[in-house]
Amino acid sequence: MIKFIQDIFYKMGLIVKLVRPDNNLWLQQRNIKTVLDVGANTGQFANLIHKILPQANIISFEPIKKCYNQLLENTASLNIKTYNCALGETDEMQEINISAHSPSSSLLPMTKLHNEVFAGTNFVETESITVKTLDLLFAELPIKGKFMIKVDVQGFEDKVIKGGAETFKKADCVLIETSFVELYEGQLLFDGIYQMLVGLGFEFKGNYTQTKSKEDGSIIYAESFFVNKNQL
């Protein structure tokens, strides 16, 4: 659900204000040459990161066929390699739950809370998709130089990490969606993701964006940034 290119996104009971920082010098100075875009949807992040890191090679993963076709159209002018698959813990075929709002689609069922607070994200249908592990794919990926991993997979983040632990260890940094409440059944929340990445040698550097509840101001989820201490 990383939506950097939106300023304000309205949902029932929530007002999501995502501010795109004007100064990305801190990220540009990391000398990132490749970005792995895990959960690409229709290319929103790919187009944004291209503006921030115009020389970087982008590798995007998107499993839903309709979204994948739109991704191809929306990123035709970019230096990009695309894969029509999800990343997870094992290589297999799975059923993904497609939402009326495609960025909310997930391999996990939505919780009652998600359905209550996010209007227009109701379940529509399932689609059979290919799931692969990042570690097994790594050898064929056109990775050049230092690379960054962005993960936006609606509650499936821990599965991506487990299936790509050796690849994560090689990454310079990680931008990953972390939730503070359970929006998808069985998802690992911030503390669990934090512990996994710290165990792989990463250090938490803060949230790039975060979404707050309109009712009480509590943080619902965030895009969290981690730096690999072993790659410094």
# chains A, B, ... in the order shown; residues from 1 in each chain; ligands from 1

$ residues_around --residues "Ile143 of chain A" --least-positions-apart "4" --cutoff "8 Å" --atoms "only C-alpha atoms" --output "ChimeraX atom specification"
/A:34,57,147

$ closest_residue --among "A:Tyr83, A:Val160, A:Ser224, A:Ser104" --to "Leu141 of chain A" --atoms "only C-alpha atoms"
A:Tyr83

$ select_by_dssp --residues "segment 86-181 of chain A" --states "strand (DSSP E or B)" --output "NGL selection string"
:A and (86-87 or 92-99 or 106 or 110 or 123-132 or 147-151 or 173-179)

$ closest_residue --among "A:Gln195, A:Thr111, A:Asn230, A:Thr90" --to "Val181 of chain A" --atoms "only C-alpha atoms"
A:Thr111

$ residues_around --residues "Glu166 of chain A" --least-positions-apart "3" --cutoff "9 Å" --atoms "only C-alpha atoms" --output "MDAnalysis selection string"
chainID A and resid 134:135 161:163 169:170 200

$ residues_around --residues "Ile176 of chain A" --least-positions-apart "5" --cutoff "7 Å" --atoms "only C-alpha atoms" --output "MDAnalysis selection string"
chainID A and resid 150:152 223:225

$ write_last_selection --atoms "N, CA, C and O atoms" --output "PDB file, in the first residue's frame"
ATOM      1  N   LYS A 150      12.326  -2.841  -1.850  1.00  0.00           N
ATOM      2  CA  LYS A 150      11.066  -2.259  -1.375  1.00  0.00           C
ATOM      3  C   LYS A 150      10.022  -3.378  -1.323  1.00  0.00           C
ATOM      4  O   LYS A 150       9.874  -4.144  -2.276  1.00  0.00           O
ATOM      5  N   VAL A 151       9.320  -3.508  -0.207  1.00  0.00           N
ATOM      6  CA  VAL A 151       8.333  -4.575  -0.036  1.00  0.00           C
ATOM      7  C   VAL A 151       6.984  -3.974   0.347  1.00  0.00           C
ATOM      8  O   VAL A 151       6.866  -3.279   1.353  1.00  0.00           O
ATOM      9  N   ASP A 152       5.966  -4.281  -0.455  1.00  0.00           N
ATOM     10  CA  ASP A 152       4.617  -3.743  -0.257  1.00  0.00           C
ATOM     11  C   ASP A 152       3.634  -4.843  -0.635  1.00  0.00           C
ATOM     12  O   ASP A 152       3.147  -4.885  -1.749  1.00  0.00           O
ATOM     13  N   GLU A 223       5.612   3.086   6.162  1.00  0.00           N
ATOM     14  CA  GLU A 223       6.641   2.602   5.257  1.00  0.00           C
ATOM     15  C   GLU A 223       7.971   2.807   5.990  1.00  0.00           C
ATOM     16  O   GLU A 223       8.447   3.922   6.127  1.00  0.00           O
ATOM     17  N   SER A 224       8.526   1.717   6.485  1.00  0.00           N
ATOM     18  CA  SER A 224       9.680   1.776   7.373  1.00  0.00           C
ATOM     19  C   SER A 224      10.984   1.540   6.612  1.00  0.00           C
ATOM     20  O   SER A 224      11.048   0.683   5.730  1.00  0.00           O
ATOM     21  N   PHE A 225      12.006   2.295   6.992  1.00  0.00           N
ATOM     22  CA  PHE A 225      13.294   2.242   6.294  1.00  0.00           C
ATOM     23  C   PHE A 225      14.351   1.607   7.180  1.00  0.00           C
ATOM     24  O   PHE A 225      14.551   2.020   8.320  1.00  0.00           O
TER      25      PHE A 225
END

$ atom_distance --atom1 "atom CA of Phe168 of chain A" --atom2 "atom CA of Glu127 of chain A"
28.0 Å

$ closest_residue --among "A:Met93, A:Met110, A:Leu78, A:Leu72" --to "Lys51 of chain A" --atoms "only C-alpha atoms"
A:Leu78

$ residues_around --residues "Leu197 of chain A" --least-positions-apart "4" --cutoff "10 Å" --atoms "only C-alpha atoms" --output "list of chain:residue names"
A:Asp158, A:Ile161, A:Ala165, A:Phe168, A:Lys169, A:Val174, A:Gly192, A:Ile193, A:Gly201, A:Phe202, A:Glu203, A:Phe204, A:Phe226, A:Val227, A:Asn228

$ closest_atom_pairs --of "segment 111-181 of chain A" --to "segment 94-101 of chain A" --cutoff "12 Å" --atoms "only C-alpha atoms" --output "tab-separated table"
residue	atom	partner	partner_atom	distance
A:His114	CA	A:Ser99	CA	11.4
A:Asn115	CA	A:Ser99	CA	10.5
A:Phe118	CA	A:His101	CA	9.6
A:Ala119	CA	A:His101	CA	9.2
A:Gly120	CA	A:Ala100	CA	6.2
A:Thr121	CA	A:His101	CA	4.9
A:Asn122	CA	A:Ser99	CA	5.5
A:Phe123	CA	A:Ser99	CA	4.6
A:Val124	CA	A:Ser99	CA	5.4
A:Glu125	CA	A:Ile98	CA	5.4
A:Thr126	CA	A:Asn97	CA	4.7
A:Glu127	CA	A:Glu95	CA	5.4
A:Ser128	CA	A:Glu95	CA	4.5
A:Ile129	CA	A:Gln94	CA	5.5
A:Thr130	CA	A:Gln94	CA	6.5
A:Val131	CA	A:Gln94	CA	6.8
A:Lys132	CA	A:Gln94	CA	10.4
A:Val153	CA	A:Ile96	CA	11.1
A:Gln154	CA	A:Asn97	CA	10.7
A:Phe156	CA	A:Ile96	CA	11.1

$ write_last_selection --atoms "N, CA and C atoms" --output "compact mmCIF listing (two decimals), in the first residue's frame"
# COMPACT_ATOMS: atom_id res chain seq x y z
N HIS A 114 -10.03 -4.16 8.70
CA HIS A 114 -9.73 -3.62 7.38
C HIS A 114 -11.01 -3.27 6.64
N ASN A 115 -11.96 -4.19 6.65
CA ASN A 115 -13.21 -3.96 5.93
C ASN A 115 -14.01 -2.82 6.53
N PHE A 118 -11.55 0.71 5.76
CA PHE A 118 -11.12 1.03 4.41
C PHE A 118 -12.27 0.81 3.43
N ALA A 119 -13.01 1.85 3.16
CA ALA A 119 -14.13 1.75 2.24
C ALA A 119 -13.64 1.48 0.83
N GLY A 120 -14.38 0.65 0.10
CA GLY A 120 -14.05 0.40 -1.30
C GLY A 120 -12.95 -0.62 -1.50
N THR A 121 -12.60 -1.36 -0.45
CA THR A 121 -11.54 -2.37 -0.57
C THR A 121 -12.10 -3.78 -0.41
N ASN A 122 -13.39 -3.94 -0.60
CA ASN A 122 -14.03 -5.23 -0.39
C ASN A 122 -13.50 -6.30 -1.35
N PHE A 123 -13.59 -7.54 -0.91
CA PHE A 123 -13.16 -8.68 -1.70
C PHE A 123 -14.01 -8.81 -2.96
N VAL A 124 -13.35 -9.08 -4.09
CA VAL A 124 -14.05 -9.22 -5.37
C VAL A 124 -13.99 -10.65 -5.88
N GLU A 125 -12.78 -11.21 -5.94
CA GLU A 125 -12.58 -12.54 -6.49
C GLU A 125 -11.20 -13.05 -6.13
N THR A 126 -10.93 -14.30 -6.46
CA THR A 126 -9.59 -14.84 -6.29
C THR A 126 -8.97 -15.09 -7.66
N GLU A 127 -7.66 -15.15 -7.68
CA GLU A 127 -6.93 -15.44 -8.91
C GLU A 127 -5.76 -16.37 -8.56
N SER A 128 -5.54 -17.36 -9.36
CA SER A 128 -4.42 -18.26 -9.15
C SER A 128 -3.15 -17.59 -9.65
N ILE A 129 -2.14 -17.51 -8.79
CA ILE A 129 -0.90 -16.81 -9.14
C ILE A 129 0.32 -17.67 -8.83
N THR A 130 1.42 -17.28 -9.41
CA THR A 130 2.70 -17.94 -9.15
C THR A 130 3.43 -17.23 -8.02
N VAL A 131 3.90 -18.00 -7.07
CA VAL A 131 4.71 -17.47 -5.97
C VAL A 131 6.10 -18.08 -6.07
N LYS A 132 7.12 -17.24 -6.02
CA LYS A 132 8.50 -17.70 -6.08
C LYS A 132 9.28 -17.15 -4.90
N VAL A 153 3.37 -5.76 0.30
CA VAL A 153 2.66 -6.99 -0.06
C VAL A 153 1.50 -7.32 0.87
N GLN A 154 0.94 -6.35 1.54
CA GLN A 154 -0.28 -6.50 2.32
C GLN A 154 -0.29 -7.71 3.26
N PHE A 156 2.05 -9.98 3.78
CA PHE A 156 2.87 -11.13 3.39
C PHE A 156 4.36 -10.84 3.53

$ atom_distance --atom1 "atom CA of Asn24 of chain A" --atom2 "atom CA of Tyr68 of chain A"
27.8 Å

$ closest_residue --among "A:Gln70, A:Ala76, A:Lys146, A:Ala139" --to "Gln29 of chain A" --atoms "only C-alpha atoms"
A:Lys146

$ select_by_dssp --residues "segment 69-209 of chain A" --states "helix (DSSP H, G or I)" --output "ChimeraX atom specification"
/A:69-74,102-104,112-117,134-140,157-162,165-170,190-199

$ residues_around --residues "Asn41 of chain A" --least-positions-apart "2" --cutoff "12 Å" --atoms "only C-alpha atoms" --output "ChimeraX atom specification"
/A:1-3,37-39,43-47,60-75,82-86,98,101-106,151-154
